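A.B. asks: File start13.cif below, mmCIF, C-alpha atoms:
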data_final
#
loop_
_atom_site.label_atom_id
_atom_site.label_comp_id
_atom_site.auth_asym_id
_atom_site.auth_seq_id
_atom_site.Cartn_x
_atom_site.Cartn_y
_atom_site.Cartn_z
CA MET L 1 -3.85 -18.62 -18.43
CA ASP L 2 -4.55 -14.95 -17.67
CA THR L 3 -4.50 -13.72 -14.10
CA VAL L 4 -7.85 -12.39 -12.91
CA ARG L 5 -7.50 -8.82 -11.68
CA ASN L 6 -10.18 -6.97 -9.80
CA THR L 7 -10.79 -3.45 -11.07
CA TYR L 8 -12.93 -0.70 -9.59
CA LYS L 9 -14.58 2.31 -11.17
CA ILE L 10 -13.30 5.46 -9.49
CA ASN L 11 -14.85 8.03 -11.83
CA ASP L 12 -18.07 7.70 -13.77
CA ASN L 13 -18.96 11.37 -14.05
CA SER L 14 -16.92 12.06 -17.16
CA ASP L 15 -18.33 12.69 -20.62
CA LEU L 16 -15.20 11.06 -22.01
CA GLY L 17 -15.53 7.72 -20.24
CA ASP L 18 -14.92 5.86 -17.01
CA VAL L 19 -11.74 5.50 -14.95
CA HIS L 20 -10.93 2.11 -13.41
CA ILE L 21 -8.19 1.08 -10.99
CA SER L 22 -6.96 -2.43 -10.16
CA ASP L 23 -6.08 -4.13 -6.88
CA ASP L 24 -2.45 -4.19 -8.01
CA VAL L 25 -2.34 -0.42 -8.40
CA LEU L 26 -3.89 0.11 -4.96
CA ALA L 27 -1.33 -2.32 -3.51
CA VAL L 28 1.61 -0.51 -5.14
CA ILE L 29 0.33 2.90 -3.97
CA SER L 30 0.01 1.50 -0.42
CA ALA L 31 3.48 -0.04 -0.44
CA MET L 32 5.16 3.08 -1.79
CA ALA L 33 3.40 5.18 0.85
CA ALA L 34 4.56 2.81 3.61
CA LEU L 35 8.16 2.95 2.39
CA GLU L 36 8.11 6.75 2.68
CA VAL L 37 7.71 6.50 6.47
CA ASP L 38 10.99 6.87 8.36
CA GLY L 39 11.81 3.62 10.13
CA VAL L 40 10.23 1.37 7.49
CA ILE L 41 13.04 -0.29 5.58
CA GLY L 42 11.07 -2.71 3.45
CA MET L 43 7.97 -4.72 2.72
CA ALA L 44 7.48 -8.40 3.57
CA GLY L 45 9.56 -10.61 1.33
CA ASN L 46 12.72 -8.49 1.66
CA ILE L 47 11.54 -5.84 -0.78
CA THR L 48 13.40 -2.68 0.13
CA SER L 49 13.29 0.68 -1.62
CA GLU L 50 16.72 0.01 -3.17
CA ILE L 51 15.56 -3.32 -4.63
CA VAL L 52 12.38 -1.70 -5.94
CA GLU L 53 14.46 0.74 -7.97
CA LYS L 54 16.18 -2.21 -9.66
CA LEU L 55 13.26 -4.63 -10.02
CA GLY L 56 10.38 -2.24 -10.56
CA VAL L 57 7.33 -1.32 -8.52
CA LYS L 58 5.31 -4.42 -9.46
CA LYS L 59 7.21 -6.45 -6.82
CA LEU L 60 5.99 -4.04 -4.12
CA ALA L 61 2.53 -5.57 -4.10
CA LYS L 62 3.90 -8.74 -2.44
CA GLY L 63 3.53 -7.34 1.08
CA VAL L 64 0.08 -5.81 0.57
CA ARG L 65 -3.46 -7.19 0.45
CA VAL L 66 -6.32 -4.97 -0.71
CA ASP L 67 -10.07 -5.56 -0.43
CA VAL L 68 -12.59 -3.13 -1.92
CA ALA L 69 -16.31 -3.16 -1.16
CA GLU L 70 -18.64 -0.40 -2.34
CA ASN L 71 -15.91 2.27 -2.75
CA SER L 72 -14.42 1.46 0.66
CA VAL L 73 -10.88 0.06 0.80
CA MET L 74 -9.42 -2.25 3.44
CA ILE L 75 -5.64 -2.63 3.31
CA ASP L 76 -3.27 -5.08 5.02
CA VAL L 77 0.46 -4.36 4.81
CA ALA L 78 3.40 -6.38 6.08
CA ILE L 79 6.46 -4.22 6.72
CA VAL L 80 10.05 -4.54 7.90
CA LEU L 81 11.19 -2.02 10.51
CA ARG L 82 14.61 -0.68 11.38
CA MET L 83 15.91 -1.94 14.73
CA ASN L 84 15.34 0.27 17.81
CA GLU L 85 12.32 2.03 16.30
CA ASN L 86 9.04 2.51 18.18
CA ILE L 87 6.67 -0.01 16.59
CA ILE L 88 3.46 1.72 17.72
CA ARG L 89 4.56 5.18 16.52
CA ILE L 90 5.75 3.95 13.13
CA SER L 91 2.69 1.73 12.60
CA LYS L 92 0.41 4.72 13.24
CA LYS L 93 2.41 6.84 10.77
CA VAL L 94 2.20 4.04 8.18
CA GLN L 95 -1.58 3.82 8.64
CA GLU L 96 -1.99 7.59 8.27
CA LYS L 97 0.34 7.81 5.26
CA ILE L 98 -1.35 4.96 3.38
CA LYS L 99 -4.87 6.24 4.14
CA THR L 100 -4.06 9.78 3.02
CA THR L 101 -2.16 8.72 -0.10
CA VAL L 102 -4.74 6.20 -1.34
CA GLU L 103 -7.65 8.58 -0.70
CA ASN L 104 -5.91 11.54 -2.36
CA MET L 105 -4.84 9.55 -5.43
CA THR L 106 -8.02 7.54 -6.01
CA GLY L 107 -10.95 9.24 -4.31
CA LEU L 108 -11.81 5.92 -2.65
CA GLU L 109 -12.46 5.91 1.11
CA VAL L 110 -9.98 3.86 3.15
CA ALA L 111 -11.92 2.14 5.93
CA ASN L 112 -8.89 0.62 7.65
CA VAL L 113 -5.19 -0.09 7.31
CA ASN L 114 -3.87 -3.11 9.21
CA VAL L 115 -0.11 -3.12 9.77
CA ASN L 116 1.77 -6.36 10.35
CA ILE L 117 5.41 -6.21 11.40
CA SER L 118 7.05 -9.08 9.53
CA ASN L 119 10.64 -8.42 10.60
CA VAL L 120 13.03 -6.03 12.32
CA LEU L 121 16.50 -5.51 10.87
CA SER L 122 19.52 -3.45 11.78
CA LYS L 123 20.24 -1.30 8.77
#
Written as structure tokens, how would this file's structure read?
C.D. replies:
Amino acid sequence: MDTVRNTYKINDNSDLGDVHISDDVLAVISAMAALEVDGVIGMAGNITSEIVEKLGVKKLAKGVRVDVAENSVMIDVAIVLRMNENIIRISKKVQEKIKTTVENMTGLEVANVNVNISNVLSK
């Protein structure tokens, strides 16, 4: 049985055709952006940047939920932080990084980014 994937039109002003993006792509973009923030060592489910290099980016979507309504994106991410990091400061940076990255790459407006700290590890 095929998995149902939600896709969204992000460009319909082209003479050559439309451009669509799926929930999975938005989730991977969000996860990769979160992992770029210093202090974030992984996504929920023990997916770290080192493991992603070996397994591929598809596994990144495990710690991300994306909802799109009328070209507005709502994103929930579950991250793992490095021990002794300021949770509020890093969460704010993760929110800003994801919002900026998704908006710049897709043209969709990010309404909110909810950050859930799933674990803290010494690494």
A.B. asks: Would you mind reading off the distance between CA of Gln95 in chain L and CA of Ser118 in chain L, one decimal, in Å?
C.D. replies: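 Interatomic distance here is 15.5 Å.
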A.B. asks: So that I can see what lies close to Val25 in chain L, please list as a PyMOL selection string the residues with an atom at most 10 Å from it, counting only C-alpha atoms and leaving out residues fewer than 3 positions away in the same chain.
C.D. replies: chain L and resi 7+21-22+28-31+57-58+61+66+102
A.B. asks: Determine, counting all atoms listed in the file, which protein, DNA and RNA residues have an atom within 9 Å of an atom of range 77-84 of chain L; residues of the same chain fewer than 6 positions away are not included. Present the result as a PDB file with C-alpha atoms, in the frame of the given file.
C.D. replies:
ATOM      1  CA  ALA L  27      -1.330  -2.320  -3.510  1.00  0.00           C
ATOM      2  CA  SER L  30       0.010   1.500  -0.420  1.00  0.00           C
ATOM      3  CA  ALA L  31       3.480  -0.040  -0.440  1.00  0.00           C
ATOM      4  CA  ALA L  34       4.560   2.810   3.610  1.00  0.00           C
ATOM      5  CA  LEU L  35       8.160   2.950   2.390  1.00  0.00           C
ATOM      6  CA  ASP L  38      10.990   6.870   8.360  1.00  0.00           C
ATOM      7  CA  GLY L  39      11.810   3.620  10.130  1.00  0.00           C
ATOM      8  CA  VAL L  40      10.230   1.370   7.490  1.00  0.00           C
ATOM      9  CA  ILE L  41      13.040  -0.290   5.580  1.00  0.00           C
ATOM     10  CA  GLY L  42      11.070  -2.710   3.450  1.00  0.00           C
ATOM     11  CA  MET L  43       7.970  -4.720   2.720  1.00  0.00           C
ATOM     12  CA  ALA L  44       7.480  -8.400   3.570  1.00  0.00           C
ATOM     13  CA  GLY L  45       9.560 -10.610   1.330  1.00  0.00           C
ATOM     14  CA  ASN L  46      12.720  -8.490   1.660  1.00  0.00           C
ATOM     15  CA  ILE L  47      11.540  -5.840  -0.780  1.00  0.00           C
ATOM     16  CA  THR L  48      13.400  -2.680   0.130  1.00  0.00           C
ATOM     17  CA  LYS L  62       3.900  -8.740  -2.440  1.00  0.00           C
ATOM     18  CA  GLY L  63       3.530  -7.340   1.080  1.00  0.00           C
ATOM     19  CA  VAL L  64       0.080  -5.810   0.570  1.00  0.00           C
ATOM     20  CA  ARG L  65      -3.460  -7.190   0.450  1.00  0.00           C
ATOM     21  CA  VAL L  66      -6.320  -4.970  -0.710  1.00  0.00           C
ATOM     22  CA  ILE L  90       5.750   3.950  13.130  1.00  0.00           C
ATOM     23  CA  VAL L 113      -5.190  -0.090   7.310  1.00  0.00           C
ATOM     24  CA  ASN L 114      -3.870  -3.110   9.210  1.00  0.00           C
ATOM     25  CA  VAL L 115      -0.110  -3.120   9.770  1.00  0.00           C
ATOM     26  CA  ASN L 116       1.770  -6.360  10.350  1.00  0.00           C
ATOM     27  CA  ILE L 117       5.410  -6.210  11.400  1.00  0.00           C
ATOM     28  CA  SER L 118       7.050  -9.080   9.530  1.00  0.00           C
ATOM     29  CA  ASN L 119      10.640  -8.420  10.600  1.00  0.00           C
ATOM     30  CA  VAL L 120      13.030  -6.030  12.320  1.00  0.00           C
ATOM     31  CA  LEU L 121      16.500  -5.510  10.870  1.00  0.00           C
ATOM     32  CA  SER L 122      19.520  -3.450  11.780  1.00  0.00           C
ATOM     33  CA  LYS L 123      20.240  -1.300   8.770  1.00  0.00           C
TER      34      LYS L 123
END
A.B. asks: Please enumerate the residues selected by the PyMOL selection byres ((chain L and resi 109) around 7) when evaluated against the supplied file, formatted as an NGL selection string.
C.D. replies: :L and (71-73 or 103 or 107-108 or 110-111)
A.B. asks: Would you mind reading off the distance between CA of Met32 in chain L and CA of Glu70 in chain L, one decimal, in Å?
C.D. replies: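 It comes out at 24.1 Å.
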A.B. asks: Provide the CA of Val94 in chain L to CA of Ile10 in chain L distance in Å, to one decimal place.
C.D. replies: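 So the two atoms, CA of Val94 in chain L and CA of Ile10 in chain L, lie 23.5 Å apart.
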A.B. asks: Counting all atoms listed in the file, which residue out of L:Asp24, L:Glu36, L:Asp18, L:Asn112 sits closest to Lys93 in chain L?
C.D. replies: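 Among the listed residues, L:Glu36 lies closest to Lys93 in chain L.
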A.B. asks: Using all atoms listed in the file for the distances, tell me which of L:Met74, L:Glu85, L:Ser91, L:Lys97 is nearest to Leu26 in chain L.
C.D. replies: L:Met74
